[in-house]
$ cat protein.pdb   # PDB, C-alpha atoms
MODEL        1
ATOM      1  CA  MET V   1     -14.558  19.707 -54.341
ATOM      2  CA  ILE V   2     -14.326  17.677 -51.131
ATOM      3  CA  PRO V   3     -16.050  14.290 -51.512
ATOM      4  CA  PRO V   4     -18.644  13.433 -48.834
ATOM      5  CA  PRO V   5     -17.532  10.967 -46.144
ATOM      6  CA  ARG V   6     -18.358   7.317 -46.693
ATOM      7  CA  PHE V   7     -18.947   4.924 -43.818
ATOM      8  CA  THR V   8     -18.308   1.314 -44.631
ATOM      9  CA  ASP V   9     -18.175  -0.261 -41.164
ATOM     10  CA  ASP V  10     -20.893  -0.734 -38.571
ATOM     11  CA  VAL V  11     -19.561   0.208 -35.115
ATOM     12  CA  ALA V  12     -22.819  -0.458 -33.266
ATOM     13  CA  ASP V  13     -21.468  -3.683 -31.768
ATOM     14  CA  LEU V  14     -18.275  -2.155 -30.343
ATOM     15  CA  PRO V  15     -18.089  -2.141 -26.518
ATOM     16  CA  THR V  16     -18.963   1.116 -24.758
ATOM     17  CA  HIS V  17     -16.311   0.649 -22.057
ATOM     18  CA  LYS V  18     -13.033  -1.112 -21.342
ATOM     19  CA  PHE V  19     -10.988  -1.912 -18.258
ATOM     20  CA  GLY V  20      -7.283  -1.174 -17.838
ATOM     21  CA  PRO V  21      -5.038   0.355 -20.532
ATOM     22  CA  SER V  22      -7.785   0.030 -23.127
ATOM     23  CA  SER V  23      -9.698   2.772 -21.301
ATOM     24  CA  LEU V  24      -8.965   6.446 -21.910
ATOM     25  CA  THR V  25      -9.932   7.141 -18.300
ATOM     26  CA  TRP V  26      -7.241   4.708 -17.153
ATOM     27  CA  TRP V  27      -4.649   6.748 -19.023
ATOM     28  CA  GLY V  28      -6.095   9.914 -17.492
ATOM     29  CA  ILE V  29      -5.715   8.442 -14.009
ATOM     30  CA  LEU V  30      -2.160   7.409 -14.855
ATOM     31  CA  GLY V  31      -1.363  10.940 -16.002
ATOM     32  CA  PHE V  32      -2.893  12.291 -12.805
ATOM     33  CA  MET V  33      -0.626   9.991 -10.817
ATOM     34  CA  VAL V  34       2.435  11.202 -12.712
ATOM     35  CA  ILE V  35       1.550  14.844 -12.029
ATOM     36  CA  GLU V  36       0.933  14.206  -8.334
ATOM     37  CA  GLY V  37       4.025  12.038  -8.138
ATOM     38  CA  THR V  38       6.057  14.969  -9.437
ATOM     39  CA  PHE V  39       4.866  17.091  -6.513
ATOM     40  CA  PHE V  40       5.892  14.351  -4.111
ATOM     41  CA  ALA V  41       9.273  14.002  -5.819
ATOM     42  CA  LEU V  42       9.883  17.748  -5.406
ATOM     43  CA  ALA V  43       8.871  17.551  -1.738
ATOM     44  CA  PHE V  44      11.157  14.569  -1.190
ATOM     45  CA  ALA V  45      14.030  16.397  -2.903
ATOM     46  CA  ALA V  46      13.442  19.434  -0.666
ATOM     47  CA  TYR V  47      13.433  17.133   2.380
ATOM     48  CA  PHE V  48      16.839  15.646   1.594
ATOM     49  CA  PHE V  49      18.243  19.016   0.523
ATOM     50  CA  LEU V  50      17.315  20.538   3.874
ATOM     51  CA  MET V  51      18.555  17.492   5.752
ATOM     52  CA  GLY V  52      21.949  17.845   4.046
ATOM     53  CA  HIS V  53      22.270  21.403   5.363
ATOM     54  CA  GLU V  54      21.613  20.537   9.022
ATOM     55  CA  GLN V  55      24.033  19.245  11.626
ATOM     56  CA  GLY V  56      21.384  16.831  12.886
ATOM     57  CA  TRP V  57      18.031  15.578  11.677
ATOM     58  CA  PRO V  58      15.855  16.598  13.377
ATOM     59  CA  PRO V  59      17.816  19.667  14.474
ATOM     60  CA  GLU V  60      19.431  19.545  17.891
ATOM     61  CA  GLY V  61      17.006  19.782  20.764
ATOM     62  CA  ARG V  62      14.030  18.531  18.760
ATOM     63  CA  ALA V  63      12.518  15.064  19.204
ATOM     64  CA  ALA V  64      11.538  12.846  16.275
ATOM     65  CA  PRO V  65       7.783  12.367  15.698
ATOM     66  CA  ASN V  66       6.052   9.841  17.935
ATOM     67  CA  LEU V  67       5.854   6.455  16.228
ATOM     68  CA  LEU V  68       2.499   5.276  17.566
ATOM     69  CA  TRP V  69       0.060   7.122  15.326
ATOM     70  CA  GLY V  70       2.134   6.929  12.159
ATOM     71  CA  THR V  71       2.608   3.198  12.603
ATOM     72  CA  LEU V  72      -1.084   2.685  13.344
ATOM     73  CA  PHE V  73      -1.935   4.650  10.202
ATOM     74  CA  THR V  74       0.427   2.430   8.209
ATOM     75  CA  ILE V  75      -1.154  -0.769   9.508
ATOM     76  CA  VAL V  76      -4.700   0.399   8.762
ATOM     77  CA  ILE V  77      -3.935   1.707   5.280
ATOM     78  CA  LEU V  78      -2.104  -1.494   4.313
ATOM     79  CA  LEU V  79      -4.985  -3.643   5.578
ATOM     80  CA  SER V  80      -7.384  -1.481   3.562
ATOM     81  CA  GLU V  81      -6.007  -3.093   0.413
ATOM     82  CA  ILE V  82      -7.986  -6.256   1.291
ATOM     83  CA  PRO V  83     -11.459  -4.712   0.731
ATOM     84  CA  ASN V  84      -9.995  -2.521  -2.016
ATOM     85  CA  THR V  85      -8.887  -5.597  -3.982
ATOM     86  CA  MET V  86     -12.277  -7.188  -3.422
ATOM     87  CA  ILE V  87     -13.969  -4.090  -4.881
ATOM     88  CA  LYS V  88     -11.634  -4.112  -7.882
ATOM     89  CA  LYS V  89     -12.423  -7.765  -8.577
ATOM     90  CA  ALA V  90     -16.150  -7.133  -8.128
ATOM     91  CA  ALA V  91     -15.990  -4.279 -10.648
ATOM     92  CA  SER V  92     -14.299  -6.397 -13.301
ATOM     93  CA  GLY V  93     -16.767  -9.210 -12.528
ATOM     94  CA  ARG V  94     -19.728  -6.809 -12.736
ATOM     95  CA  ASP V  95     -20.819  -7.753  -9.217
ATOM     96  CA  VAL V  96     -22.667  -4.538  -8.322
ATOM     97  CA  PRO V  97     -24.211  -5.879  -5.054
ATOM     98  CA  ALA V  98     -20.710  -6.676  -3.753
ATOM     99  CA  ILE V  99     -19.509  -3.197  -4.698
ATOM    100  CA  ARG V 100     -22.452  -1.664  -2.863
ATOM    101  CA  ARG V 101     -21.559  -3.634   0.260
ATOM    102  CA  LEU V 102     -17.826  -2.966   0.170
ATOM    103  CA  LEU V 103     -17.638   0.733  -0.719
ATOM    104  CA  PRO V 104     -19.008   1.760   2.721
ATOM    105  CA  VAL V 105     -16.162  -0.255   4.276
ATOM    106  CA  MET V 106     -13.651   1.879   2.392
ATOM    107  CA  ILE V 107     -15.528   5.027   3.433
ATOM    108  CA  VAL V 108     -15.308   4.048   7.103
ATOM    109  CA  ILE V 109     -11.630   3.178   6.702
ATOM    110  CA  GLY V 110     -11.054   6.608   5.192
ATOM    111  CA  LEU V 111     -12.722   8.256   8.194
ATOM    112  CA  VAL V 112     -10.615   6.204  10.605
ATOM    113  CA  LEU V 113      -7.459   7.172   8.727
ATOM    114  CA  GLY V 114      -8.505  10.814   8.846
ATOM    115  CA  VAL V 115      -8.854  10.671  12.628
ATOM    116  CA  ILE V 116      -5.486   8.962  12.981
ATOM    117  CA  ARG V 117      -3.930  11.585  10.699
ATOM    118  CA  GLY V 118      -5.172  14.286  13.052
ATOM    119  CA  PHE V 119      -3.311  12.606  15.908
ATOM    120  CA  GLU V 120      -0.252  12.320  13.676
ATOM    121  CA  PHE V 121      -0.123  16.069  13.123
ATOM    122  CA  ASN V 122      -0.516  16.567  16.855
ATOM    123  CA  ASN V 123       2.409  14.247  17.619
ATOM    124  CA  LEU V 124       5.067  15.509  15.203
ATOM    125  CA  ASN V 125       6.713  17.299  18.149
ATOM    126  CA  CYS V 126       6.961  20.460  16.094
ATOM    127  CA  ARG V 127       4.888  23.211  14.528
ATOM    128  CA  TRP V 128       5.164  23.940  10.838
ATOM    129  CA  THR V 129       6.456  27.446  11.581
ATOM    130  CA  ASP V 130       9.315  26.341  13.864
ATOM    131  CA  ASP V 131      12.107  25.730  11.349
ATOM    132  CA  ALA V 132      12.933  24.198   7.953
ATOM    133  CA  TYR V 133      12.741  20.644   9.326
ATOM    134  CA  SER V 134       9.289  21.249  10.798
ATOM    135  CA  SER V 135       8.020  22.928   7.629
ATOM    136  CA  ILE V 136       9.035  20.127   5.269
ATOM    137  CA  VAL V 137       7.705  17.387   7.581
ATOM    138  CA  TRP V 138       4.349  19.146   7.842
ATOM    139  CA  ALA V 139       4.317  19.820   4.090
ATOM    140  CA  ILE V 140       4.910  16.180   3.142
ATOM    141  CA  LEU V 141       2.293  14.927   5.587
ATOM    142  CA  PHE V 142      -0.179  17.572   4.395
ATOM    143  CA  LEU V 143       0.479  16.619   0.775
ATOM    144  CA  HIS V 144      -0.425  13.006   1.504
ATOM    145  CA  THR V 145      -3.483  14.127   3.459
ATOM    146  CA  THR V 146      -4.832  15.838   0.334
ATOM    147  CA  HIS V 147      -4.578  12.445  -1.415
ATOM    148  CA  LEU V 148      -6.499  10.824   1.399
ATOM    149  CA  ILE V 149      -9.275  13.435   1.325
ATOM    150  CA  THR V 150      -9.507  13.401  -2.471
ATOM    151  CA  ASP V 151      -9.939   9.640  -2.721
ATOM    152  CA  TRP V 152     -12.339   9.534   0.235
ATOM    153  CA  GLY V 153     -14.577  12.140  -1.394
ATOM    154  CA  ASP V 154     -14.449  10.288  -4.700
ATOM    155  CA  THR V 155     -15.388   7.036  -2.958
ATOM    156  CA  VAL V 156     -18.381   8.655  -1.242
ATOM    157  CA  VAL V 157     -19.685  10.039  -4.539
ATOM    158  CA  LEU V 158     -19.069   6.698  -6.242
ATOM    159  CA  TRP V 159     -20.973   4.831  -3.526
ATOM    160  CA  PHE V 160     -24.053   7.043  -3.929
ATOM    161  CA  LEU V 161     -23.830   6.606  -7.688
ATOM    162  CA  MET V 162     -23.477   2.822  -7.474
ATOM    163  CA  ARG V 163     -26.614   2.648  -5.311
ATOM    164  CA  THR V 164     -28.654   3.881  -8.280
ATOM    165  CA  ASP V 165     -29.497   2.082 -11.510
ATOM    166  CA  LEU V 166     -26.522   3.841 -13.098
ATOM    167  CA  GLY V 167     -24.314   1.504 -11.084
ATOM    168  CA  TRP V 168     -24.998  -1.261 -13.582
ATOM    169  CA  GLU V 169     -23.555   0.742 -16.462
ATOM    170  CA  GLY V 170     -20.230  -0.494 -17.719
ATOM    171  CA  ARG V 171     -18.515   2.870 -17.473
ATOM    172  CA  ARG V 172     -19.464   3.130 -13.785
ATOM    173  CA  LEU V 173     -17.866  -0.234 -13.180
ATOM    174  CA  VAL V 174     -14.767   1.123 -14.897
ATOM    175  CA  ASP V 175     -14.913   4.151 -12.565
ATOM    176  CA  THR V 176     -15.025   1.797  -9.593
ATOM    177  CA  ASP V 177     -12.085  -0.214 -10.885
ATOM    178  CA  GLU V 178     -10.002   2.914 -11.404
ATOM    179  CA  ASN V 179     -10.929   4.311  -8.003
ATOM    180  CA  SER V 180      -9.458   1.141  -6.509
ATOM    181  CA  LEU V 181      -6.341   1.641  -8.629
ATOM    182  CA  TYR V 182      -5.930   5.173  -7.303
ATOM    183  CA  TRP V 183      -6.268   3.951  -3.698
ATOM    184  CA  ARG V 184      -3.315   1.646  -4.303
ATOM    185  CA  TYR V 185      -1.375   4.692  -5.416
ATOM    186  CA  VAL V 186      -2.340   6.479  -2.186
ATOM    187  CA  TRP V 187      -1.052   3.758   0.127
ATOM    188  CA  LEU V 188       2.023   3.001  -1.962
ATOM    189  CA  LEU V 189       3.028   6.660  -1.725
ATOM    190  CA  TRP V 190       2.517   6.528   2.018
ATOM    191  CA  ILE V 191       5.341   4.009   2.499
ATOM    192  CA  PRO V 192       8.207   6.416   1.577
ATOM    193  CA  VAL V 193       6.422   9.227   3.437
ATOM    194  CA  TYR V 194       6.228   7.069   6.568
ATOM    195  CA  LEU V 195       9.919   6.213   6.350
ATOM    196  CA  MET V 196      10.937   9.831   5.825
ATOM    197  CA  VAL V 197       8.756  11.335   8.545
ATOM    198  CA  TYR V 198       9.198   8.681  11.222
ATOM    199  CA  TRP V 199      12.343   6.633  10.636
ATOM    200  CA  ILE V 200      14.961   8.771   8.897
ATOM    201  CA  PRO V 201      15.008  11.154  11.907
ATOM    202  CA  ARG V 202      15.801   8.112  14.056
ATOM    203  CA  LEU V 203      18.836   6.947  12.055
TER     204      LEU V 203
ENDMDL
END

$ encode --input "protein.pdb" --output "structure tokens"
Amino acid sequence: MIPPPRFTDDVADLPTHKFGPSSLTWWGILGFMVIEGTFFALAFAAYFFLMGHEQGWPPEGRAAPNLLWGTLFTIVILLSEIPNTMIKKAASGRDVPAIRRLLPVMIVIGLVLGVIRGFEFNNLNCRWTDDAYSSIVWAILFLHTTHLITDWGDTVVLWFLMRTDLGWEGRRLVDTDENSLYWRYVWLLWIPVYLMVYWIPRL
């Protein structure tokens, strides 16, 4: 006969949320990053594989992408870490009013980056159907664009949520903190993409 369970400890006083590695959601985000990073690694490997099978990169007769829009995108996304860090600190400090003020800044930045990205695609000096070089350049830029759209959508939803009384809940503050962590992942991944799309063809 199986004895009935006995509970000897009172867990009522345990915290309902945690920041950083103590949070299961943090580990979920980390796993998500690893999965997405694998896709980027495969795309990067395909890029260098194709480059190794060409006489020139870009192929002869094709101009490298225009630097203006890619560089402008880089500047804006790096500067976006300033309000992003402020949001992360506000989340850990449970400063909900500051989060409510700063999340719209990140939303606007995301819109600006989306517009710039449109100009980037228009200034790659190639169409994705032209050749292997064009296809991989478009694919890598498109892959990063999905990151941009995903985080922007998440930030919009989070902003609406934080404007309600639910914004004061500890787990929502954890969500805000981890959204800021993911944005760091987005702009850190952009650095190798920027170098590959805009500078390697100029070497």

$ resolve_selection --input "protein.pdb" --expression "the PyMOL selection byres ((chain V and resi 87-95) around 9)" --output "ChimeraX atom specification"
/V:19,82-86,96-100,102-103,168,170,172-181

$ residues_near_point --input "protein.pdb" --point "(14.8, 12.8, 13.2)" --cutoff "6 Å" --atoms "all atoms listed in the file" --output "PyMOL selection string"
chain V and resi 57-58+64+200-202

$ resolve_selection --input "protein.pdb" --expression "the PyMOL selection byres ((chain V and resi 110) around 9)" --output "PDB file with C-alpha atoms, in the coordinates of the input"
ATOM      1  CA  ILE V  77      -3.935   1.707   5.280  1.00  0.00           C
ATOM      2  CA  VAL V 105     -16.162  -0.255   4.276  1.00  0.00           C
ATOM      3  CA  MET V 106     -13.651   1.879   2.392  1.00  0.00           C
ATOM      4  CA  ILE V 107     -15.528   5.027   3.433  1.00  0.00           C
ATOM      5  CA  VAL V 108     -15.308   4.048   7.103  1.00  0.00           C
ATOM      6  CA  ILE V 109     -11.630   3.178   6.702  1.00  0.00           C
ATOM      7  CA  LEU V 111     -12.722   8.256   8.194  1.00  0.00           C
ATOM      8  CA  VAL V 112     -10.615   6.204  10.605  1.00  0.00           C
ATOM      9  CA  LEU V 113      -7.459   7.172   8.727  1.00  0.00           C
ATOM     10  CA  GLY V 114      -8.505  10.814   8.846  1.00  0.00           C
ATOM     11  CA  VAL V 115      -8.854  10.671  12.628  1.00  0.00           C
ATOM     12  CA  LEU V 148      -6.499  10.824   1.399  1.00  0.00           C
ATOM     13  CA  ILE V 149      -9.275  13.435   1.325  1.00  0.00           C
ATOM     14  CA  ASP V 151      -9.939   9.640  -2.721  1.00  0.00           C
ATOM     15  CA  TRP V 152     -12.339   9.534   0.235  1.00  0.00           C
TER      16      TRP V 152
END

$ atom_distance --input "protein.pdb" --atom1 "atom CA of V:Asn122" --atom2 "atom CA of V:Phe40"
22.0 Å

$ atom_distance --input "protein.pdb" --atom1 "atom CA of V:Thr71" --atom2 "atom CA of V:Phe119"
11.6 Å

$ closest_residue --input "protein.pdb" --among "V:Ala63, V:Ala43, V:Arg117, V:Leu72" --to "V:Ala139" --atoms "only C-alpha atoms"
V:Ala43

$ residues_around --input "protein.pdb" --residues "V:Tyr133" --least-positions-apart "5" --cutoff "12 Å" --atoms "only C-alpha atoms" --output "PyMOL selection string"
chain V and resi 46-60+62-65+124-128+138-140+196-197+201

$ atom_distance --input "protein.pdb" --atom1 "atom CA of V:Tyr194" --atom2 "atom CA of V:Gly70"
6.9 Å

$ closest_residue --input "protein.pdb" --among "V:Ser80, V:Thr25, V:Thr155, V:Thr145" --to "V:Val193" --atoms "only C-alpha atoms"
V:Thr145

$ decode --input "protein.pdb" --residues "stretch 96-118 of chain V" --atoms "N, CA, C and O atoms" --output "short mmCIF file (atom, residue, chain, number, x, y, z; two decimals), in the first residue's frame"
data_model
loop_
_atom_site.label_atom_id
_atom_site.label_comp_id
_atom_site.auth_asym_id
_atom_site.auth_seq_id
_atom_site.Cartn_x
_atom_site.Cartn_y
_atom_site.Cartn_z
N VAL V 96 7.73 50.62 -12.39
CA VAL V 96 6.75 50.44 -13.47
C VAL V 96 6.51 51.75 -14.24
O VAL V 96 6.42 51.72 -15.47
N PRO V 97 6.38 52.92 -13.57
CA PRO V 97 6.20 54.16 -14.34
C PRO V 97 7.32 54.40 -15.36
O PRO V 97 7.05 54.85 -16.48
N ALA V 98 8.56 54.10 -14.98
CA ALA V 98 9.68 54.28 -15.91
C ALA V 98 9.55 53.32 -17.09
O ALA V 98 9.81 53.69 -18.24
N ILE V 99 9.14 52.10 -16.82
CA ILE V 99 8.95 51.12 -17.89
C ILE V 99 7.87 51.60 -18.86
O ILE V 99 8.03 51.51 -20.08
N ARG V 100 6.79 52.13 -18.30
CA ARG V 100 5.71 52.63 -19.15
C ARG V 100 6.15 53.79 -20.02
O ARG V 100 5.65 53.97 -21.14
N ARG V 101 7.08 54.59 -19.54
CA ARG V 101 7.58 55.71 -20.34
C ARG V 101 8.57 55.26 -21.41
O ARG V 101 8.62 55.83 -22.50
N LEU V 102 9.37 54.26 -21.09
CA LEU V 102 10.47 53.89 -21.97
C LEU V 102 10.10 52.86 -23.04
O LEU V 102 10.71 52.86 -24.11
N LEU V 103 9.13 52.01 -22.78
CA LEU V 103 8.76 51.01 -23.79
C LEU V 103 8.31 51.66 -25.11
O LEU V 103 8.67 51.16 -26.18
N PRO V 104 7.54 52.77 -25.08
CA PRO V 104 7.19 53.40 -26.35
C PRO V 104 8.42 53.89 -27.13
O PRO V 104 8.39 53.93 -28.36
N VAL V 105 9.48 54.26 -26.42
CA VAL V 105 10.72 54.66 -27.10
C VAL V 105 11.27 53.50 -27.91
O VAL V 105 11.67 53.65 -29.07
N MET V 106 11.28 52.31 -27.31
CA MET V 106 11.76 51.13 -28.02
C MET V 106 10.85 50.77 -29.19
O MET V 106 11.31 50.30 -30.23
N ILE V 107 9.54 51.00 -29.02
CA ILE V 107 8.61 50.73 -30.11
C ILE V 107 8.88 51.64 -31.30
O ILE V 107 8.91 51.20 -32.46
N VAL V 108 9.11 52.92 -31.02
CA VAL V 108 9.42 53.87 -32.09
C VAL V 108 10.75 53.51 -32.75
O VAL V 108 10.87 53.55 -33.99
N ILE V 109 11.74 53.15 -31.94
CA ILE V 109 13.03 52.74 -32.50
C ILE V 109 12.85 51.54 -33.43
O ILE V 109 13.44 51.47 -34.51
N GLY V 110 12.02 50.59 -33.01
CA GLY V 110 11.76 49.43 -33.85
C GLY V 110 11.14 49.82 -35.18
O GLY V 110 11.49 49.25 -36.23
N LEU V 111 10.22 50.78 -35.17
CA LEU V 111 9.61 51.25 -36.41
C LEU V 111 10.64 51.93 -37.31
O LEU V 111 10.66 51.71 -38.53
N VAL V 112 11.49 52.75 -36.71
CA VAL V 112 12.54 53.42 -37.48
C VAL V 112 13.48 52.39 -38.11
O VAL V 112 13.83 52.49 -39.30
N LEU V 113 13.86 51.39 -37.33
CA LEU V 113 14.73 50.34 -37.87
C LEU V 113 14.05 49.57 -38.99
O LEU V 113 14.70 49.18 -39.97
N GLY V 114 12.74 49.37 -38.87
CA GLY V 114 12.01 48.68 -39.93
C GLY V 114 12.02 49.46 -41.23
O GLY V 114 12.18 48.88 -42.32
N VAL V 115 11.87 50.78 -41.13
CA VAL V 115 11.92 51.63 -42.33
C VAL V 115 13.31 51.58 -42.95
O VAL V 115 13.46 51.42 -44.17
N ILE V 116 14.33 51.70 -42.10
CA ILE V 116 15.70 51.65 -42.61
C ILE V 116 15.97 50.30 -43.27
O ILE V 116 16.62 50.22 -44.33
N ARG V 117 15.46 49.22 -42.67
CA ARG V 117 15.66 47.89 -43.25
C ARG V 117 15.06 47.79 -44.65
O ARG V 117 15.62 47.14 -45.54
N GLY V 118 13.93 48.45 -44.85
CA GLY V 118 13.33 48.47 -46.18
C GLY V 118 14.26 49.10 -47.20
O GLY V 118 14.41 48.59 -48.32
#
